[in-house]
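K.L.:
Sharing a structure with you now.
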Amino acid sequence: MPTRYKEDGYWEIASRQMSIVTRSEQQKFKDAKITVIGCGGIGGQTIEMLARMGIGELIVVDEDSFDMSNLNRQNFATLNNIGLSKSEVAKEKVRLINPYVKVTSFNEHVDENNIDKIISDSNIVIDALDNILTRVIATRKANEKKIPFIHGAIHGTLGQITTFLPNTKSYEEMFNLPSLGKDLTNEVIESLKNITSGTPPVIGPTPNLIGCLQAIEAYKIITGIGKVTVAPKILTFDLLDLGSFLQTEI
């Protein structure tokens, strides 16, 4: 480690990546605030990677608690954490990984009444959700506030990721959702809920890979390095076919 980083905790943690970014680029990441909605399979990995890369502030959101079925994939799930709040466990894990990250946790259901408070003045919102209705609520608010929204989703061994910006296709437009251009009436809400009915299959590496990809996309957006996958382009893959990694346009 270069001697200039010694005895400065934050920069010691970040020192191994400082040949990839400049100090001013890393400082942008240190000054940034990211909201991650969902602290499970995708969100746990995203949160951990953001903390290890040195994000300045995190908002972590999840209404659920850990159970035994989470152990096959969720980074923060352990036998000792069964029954505990996912958002609170995530907050504590970040503190142990990188104490220089400020973390606020929300252990509550995300809806139209609290989404503004949750997203607040974040630089990026990351979708680590498992249902379309909450994605619609979150991405609408992010678009309204002109905040980049990094979408990630999985099913079994399949994964997809893209970023929605205020000047790109919207999430609802890109996936032709029945809520497009409509108020979230009871009828529209039911139609969105029906799309994600049932519990999808999942194997550990799939959500964790999406989480890592979301974290690096956020890093690229904030620091300005690299090329981000932006809607209508989308990165998709099937882990049973490693030749399937493909960036296409919808």
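Order determines the names: the first chain of the structure tokens is A, the second B, and so forth; residues in each chain are numbered 1 upward, and ligands are numbered 1 upward as they are shown.
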With a distance cut-off of 7 Å and only C-alpha atoms, select the neighbouring residues of region 120-133 of chain A, excluding the residue or stretch itself and same-chain residues fewer than 3 positions from it, and output the selection as number ranges by chain.
P.N.:
A: 32-38, 42-43, 116-117, 136-137, 142, 147-152, 189, 192-193, 196
K.L.:
With DSSP run on the backbone, what are the strand (DSSP E) residues within region 163-242 of chain A? I'd like them as a list in words.
P.N.:
Thr163, Phe164, Lys233, Ile234, Leu235, Thr236, Phe237, Asp238, Asp241 and Leu242 of chain A
K.L.:
As an exercise, work out the distance from CA of Thr185 (chain A) to CA of Ile115 (chain A) in Å and give it to one decimal place.
P.N.:
17.0 Å
K.L.:
Could you give me, as a list in words, the residues within 10 Å of Ile82 (chain A), counting only C-alpha atoms and dropping anything in the same chain fewer than 3 positions from it?
P.N.:
Ser65, Phe66, Asp67, Met68, Ser69, Asn70, Leu71, Ala77, Thr78, Leu79, Ser85 and Lys86 of chain A
K.L.:
Go ahead and write the residues just picked, C-alpha atoms, as a PDB file, in the first residue's frame.
P.N.:
```pdb
ATOM      1  CA  SER A  65     -36.750 -10.524   8.536  1.00  0.00           C
ATOM      2  CA  PHE A  66     -34.367 -13.384   7.758  1.00  0.00           C
ATOM      3  CA  ASP A  67     -35.610 -16.965   7.603  1.00  0.00           C
ATOM      4  CA  MET A  68     -33.972 -20.314   6.841  1.00  0.00           C
ATOM      5  CA  SER A  69     -34.768 -20.164   3.124  1.00  0.00           C
ATOM      6  CA  ASN A  70     -32.566 -17.072   2.804  1.00  0.00           C
ATOM      7  CA  LEU A  71     -29.389 -18.983   3.692  1.00  0.00           C
ATOM      8  CA  ALA A  77     -28.290 -14.305   6.352  1.00  0.00           C
ATOM      9  CA  THR A  78     -26.790 -16.515   9.069  1.00  0.00           C
ATOM     10  CA  LEU A  79     -28.285 -18.902  11.602  1.00  0.00           C
ATOM     11  CA  SER A  85     -34.670  -7.354  10.554  1.00  0.00           C
ATOM     12  CA  LYS A  86     -32.806  -7.471   7.234  1.00  0.00           C
TER      13      LYS A  86
END
```
K.L.:
To test your reading of the structure, identify every residue in region 164-247 of chain A that backbone DSSP assigns to alpha helix (DSSP H), and report it as a ChimeraX atom specification.
P.N.:
/A:171-174,186-195,205-223
K.L.:
How would the residues just chosen look if you wrote them out with N, CA and C atoms as a compact mmCIF listing (two decimals), in the first residue's frame?
P.N.:
```txt
# COMPACT_ATOMS: atom_id res chain seq x y z
N TYR A 171 -38.91 2.50 -16.87
CA TYR A 171 -39.06 1.08 -16.53
C TYR A 171 -40.37 0.53 -17.07
N GLU A 172 -41.45 1.27 -16.86
CA GLU A 172 -42.76 0.81 -17.31
C GLU A 172 -42.86 0.75 -18.83
N GLU A 173 -42.24 1.72 -19.48
CA GLU A 173 -42.28 1.76 -20.93
C GLU A 173 -41.45 0.63 -21.53
N MET A 174 -40.27 0.40 -20.96
CA MET A 174 -39.37 -0.60 -21.52
C MET A 174 -39.95 -2.01 -21.43
N ASN A 186 -56.61 0.80 -7.63
CA ASN A 186 -56.67 -0.57 -7.12
C ASN A 186 -56.59 -1.58 -8.26
N GLU A 187 -57.24 -1.27 -9.35
CA GLU A 187 -57.25 -2.18 -10.50
C GLU A 187 -55.84 -2.31 -11.10
N VAL A 188 -55.15 -1.19 -11.26
CA VAL A 188 -53.80 -1.21 -11.82
C VAL A 188 -52.84 -1.92 -10.86
N ILE A 189 -53.00 -1.66 -9.58
CA ILE A 189 -52.15 -2.32 -8.58
C ILE A 189 -52.32 -3.84 -8.64
N GLU A 190 -53.55 -4.29 -8.74
CA GLU A 190 -53.81 -5.73 -8.83
C GLU A 190 -53.19 -6.34 -10.08
N SER A 191 -53.23 -5.61 -11.19
CA SER A 191 -52.64 -6.12 -12.42
C SER A 191 -51.13 -6.26 -12.29
N LEU A 192 -50.49 -5.34 -11.56
CA LEU A 192 -49.04 -5.43 -11.33
C LEU A 192 -48.71 -6.56 -10.38
N LYS A 193 -49.52 -6.73 -9.35
CA LYS A 193 -49.28 -7.82 -8.39
C LYS A 193 -49.39 -9.18 -9.06
N ASN A 194 -50.29 -9.29 -9.99
CA ASN A 194 -50.49 -10.57 -10.67
C ASN A 194 -49.29 -10.98 -11.53
N ILE A 195 -48.51 -10.01 -11.96
CA ILE A 195 -47.33 -10.32 -12.78
C ILE A 195 -46.29 -11.06 -11.95
N PRO A 205 -25.56 -17.83 -6.66
CA PRO A 205 -24.73 -16.94 -7.47
C PRO A 205 -25.50 -15.92 -8.29
N THR A 206 -26.75 -16.20 -8.67
CA THR A 206 -27.47 -15.30 -9.57
C THR A 206 -27.72 -13.92 -8.94
N PRO A 207 -28.39 -13.83 -7.78
CA PRO A 207 -28.60 -12.50 -7.20
C PRO A 207 -27.31 -11.83 -6.77
N ASN A 208 -26.35 -12.63 -6.36
CA ASN A 208 -25.09 -12.03 -5.92
C ASN A 208 -24.33 -11.40 -7.08
N LEU A 209 -24.41 -12.03 -8.24
CA LEU A 209 -23.76 -11.44 -9.41
C LEU A 209 -24.47 -10.15 -9.82
N ILE A 210 -25.80 -10.15 -9.80
CA ILE A 210 -26.54 -8.93 -10.10
C ILE A 210 -26.17 -7.82 -9.11
N GLY A 211 -26.05 -8.18 -7.84
CA GLY A 211 -25.67 -7.18 -6.83
C GLY A 211 -24.31 -6.57 -7.10
N CYS A 212 -23.35 -7.40 -7.48
CA CYS A 212 -22.01 -6.89 -7.82
C CYS A 212 -22.07 -5.96 -9.03
N LEU A 213 -22.85 -6.35 -10.04
CA LEU A 213 -22.97 -5.54 -11.25
C LEU A 213 -23.64 -4.20 -10.94
N GLN A 214 -24.67 -4.21 -10.10
CA GLN A 214 -25.32 -2.96 -9.72
C GLN A 214 -24.35 -2.03 -8.99
N ALA A 215 -23.54 -2.61 -8.11
CA ALA A 215 -22.58 -1.79 -7.35
C ALA A 215 -21.57 -1.14 -8.27
N ILE A 216 -21.06 -1.88 -9.25
CA ILE A 216 -20.05 -1.29 -10.14
C ILE A 216 -20.69 -0.28 -11.10
N GLU A 217 -21.96 -0.51 -11.48
CA GLU A 217 -22.65 0.49 -12.30
C GLU A 217 -22.80 1.80 -11.52
N ALA A 218 -23.15 1.69 -10.25
CA ALA A 218 -23.26 2.89 -9.42
C ALA A 218 -21.90 3.59 -9.29
N TYR A 219 -20.86 2.81 -9.13
CA TYR A 219 -19.50 3.36 -9.02
C TYR A 219 -19.13 4.11 -10.29
N LYS A 220 -19.47 3.53 -11.45
CA LYS A 220 -19.16 4.15 -12.73
C LYS A 220 -19.94 5.46 -12.91
N ILE A 221 -21.21 5.44 -12.54
CA ILE A 221 -22.03 6.65 -12.69
C ILE A 221 -21.46 7.79 -11.85
N ILE A 222 -21.11 7.50 -10.62
CA ILE A 222 -20.67 8.56 -9.70
C ILE A 222 -19.26 9.03 -10.01
N THR A 223 -18.35 8.10 -10.29
CA THR A 223 -16.96 8.51 -10.53
C THR A 223 -16.73 9.00 -11.95
```
K.L.:
Excluding same-chain residues fewer than 6 positions from Asp64 (chain A), what lies within 10 Å of it counting only C-alpha atoms, as a ChimeraX atom specification?
P.N.:
/A:38-40,83-87,107-109
K.L.:
With distances taken over only C-alpha atoms, which of A:Thr199, A:Glu88, A:Arg140, A:Leu58 is nearest to Lys182 (chain A)?
P.N.:
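Distance minimum relative to Lys182 (chain A) lands on A:Arg140.
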K.L.:
Quick one: which region 103-217 of chain A residues come within 6 Å of region 229-246 of chain A, and what is the nearest atom pair for each with the distance in Å to one decimal, counting only C-alpha atoms, rows ordered by chain and ascending number, as CSV?
P.N.:
```
residue,atom,partner,partner_atom,distance
A:Thr157,CA,A:Leu239,CA,5.2
A:Leu158,CA,A:Asp238,CA,4.4
A:Gly159,CA,A:Phe237,CA,5.4
A:Gln160,CA,A:Thr236,CA,4.4
A:Ile161,CA,A:Leu235,CA,5.3
A:Thr162,CA,A:Ile234,CA,4.9
A:Thr163,CA,A:Val230,CA,4.7
A:Phe164,CA,A:Ala231,CA,5.6
```
K.L.:
Could you write those residues out with C-alpha atoms, as a JSON list (two decimals), in the first residue's frame?
P.N.:
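Just written: selection_34.json:
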```json
[["chain", "number", "residue", "atom", "x", "y", "z"],
["A", 157, "THR", "CA", -30.18, -18.76, -13.08],
["A", 158, "LEU", "CA", -31.32, -15.81, -15.22],
["A", 159, "GLY", "CA", -30.38, -12.21, -14.49],
["A", 160, "GLN", "CA", -30.83, -8.78, -16.01],
["A", 161, "ILE", "CA", -29.59, -5.27, -15.27],
["A", 162, "THR", "CA", -29.96, -1.80, -16.75],
["A", 163, "THR", "CA", -30.08, 1.83, -15.64],
["A", 164, "PHE", "CA", -32.97, 4.21, -16.17]]
```
K.L.:
Any idea what the distance is between CA of Gln27 (chain A) and CA of Glu12 (chain A)?
P.N.:
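Separation of CA of Gln27 (chain A) and CA of Glu12 (chain A): 13.4 Å.
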K.L.:
For each of A:Asp183, A:Glu249, A:Glu63, A:Glu48, take the minimum atom-to-atom distance to Lys169 (chain A), counting only C-alpha atoms, then give the residue where this is smallest.
P.N.:
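Under the stated criterion, the closest residue is A:Glu249.
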K.L.:
Which residue is closest to Ile47 (chain A)? Choose from A:Ala153, A:Ile250, A:Val101, A:Val60 and count only C-alpha atoms.
P.N.:
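Distance minimum relative to Ile47 (chain A) lands on A:Val60.
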K.L.:
Would you work out the distance separating CA of Gly204 (chain A) from CA of Gly41 (chain A), expressed in Å to one decimal?
P.N.:
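Result for CA of Gly204 (chain A) versus CA of Gly41 (chain A): 7.7 Å, one decimal.
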K.L.:
Could you list, as a list in words, every residue within 10 Å of Trp11 (chain A), counting only C-alpha atoms and ignoring same-chain residues fewer than 6 positions away?
P.N.:
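With the cut-off at 10 Å, the set is Arg4, Tyr5, Gln17, Met18, Arg23, Gln26, Gln27, Lys30, Gly54 and Tyr100 of chain A.
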K.L.:
Name the closest residue to Val202 (chain A) among the candidates A:Thr139, A:Asn72, A:Asn114, A:Gln247; distances are taken between atoms, counting only C-alpha atoms.
P.N.:
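Among the listed residues, A:Asn72 lies closest to Val202 (chain A).
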K.L.:
Using only C-alpha atoms, find the one residue out of A:Met49, A:Ile154, A:Val94, A:Ile118 that sits nearest to Ile203 (chain A).
P.N.:
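Once distances to Ile203 (chain A) are computed over only C-alpha atoms, the minimum belongs to A:Ile154.
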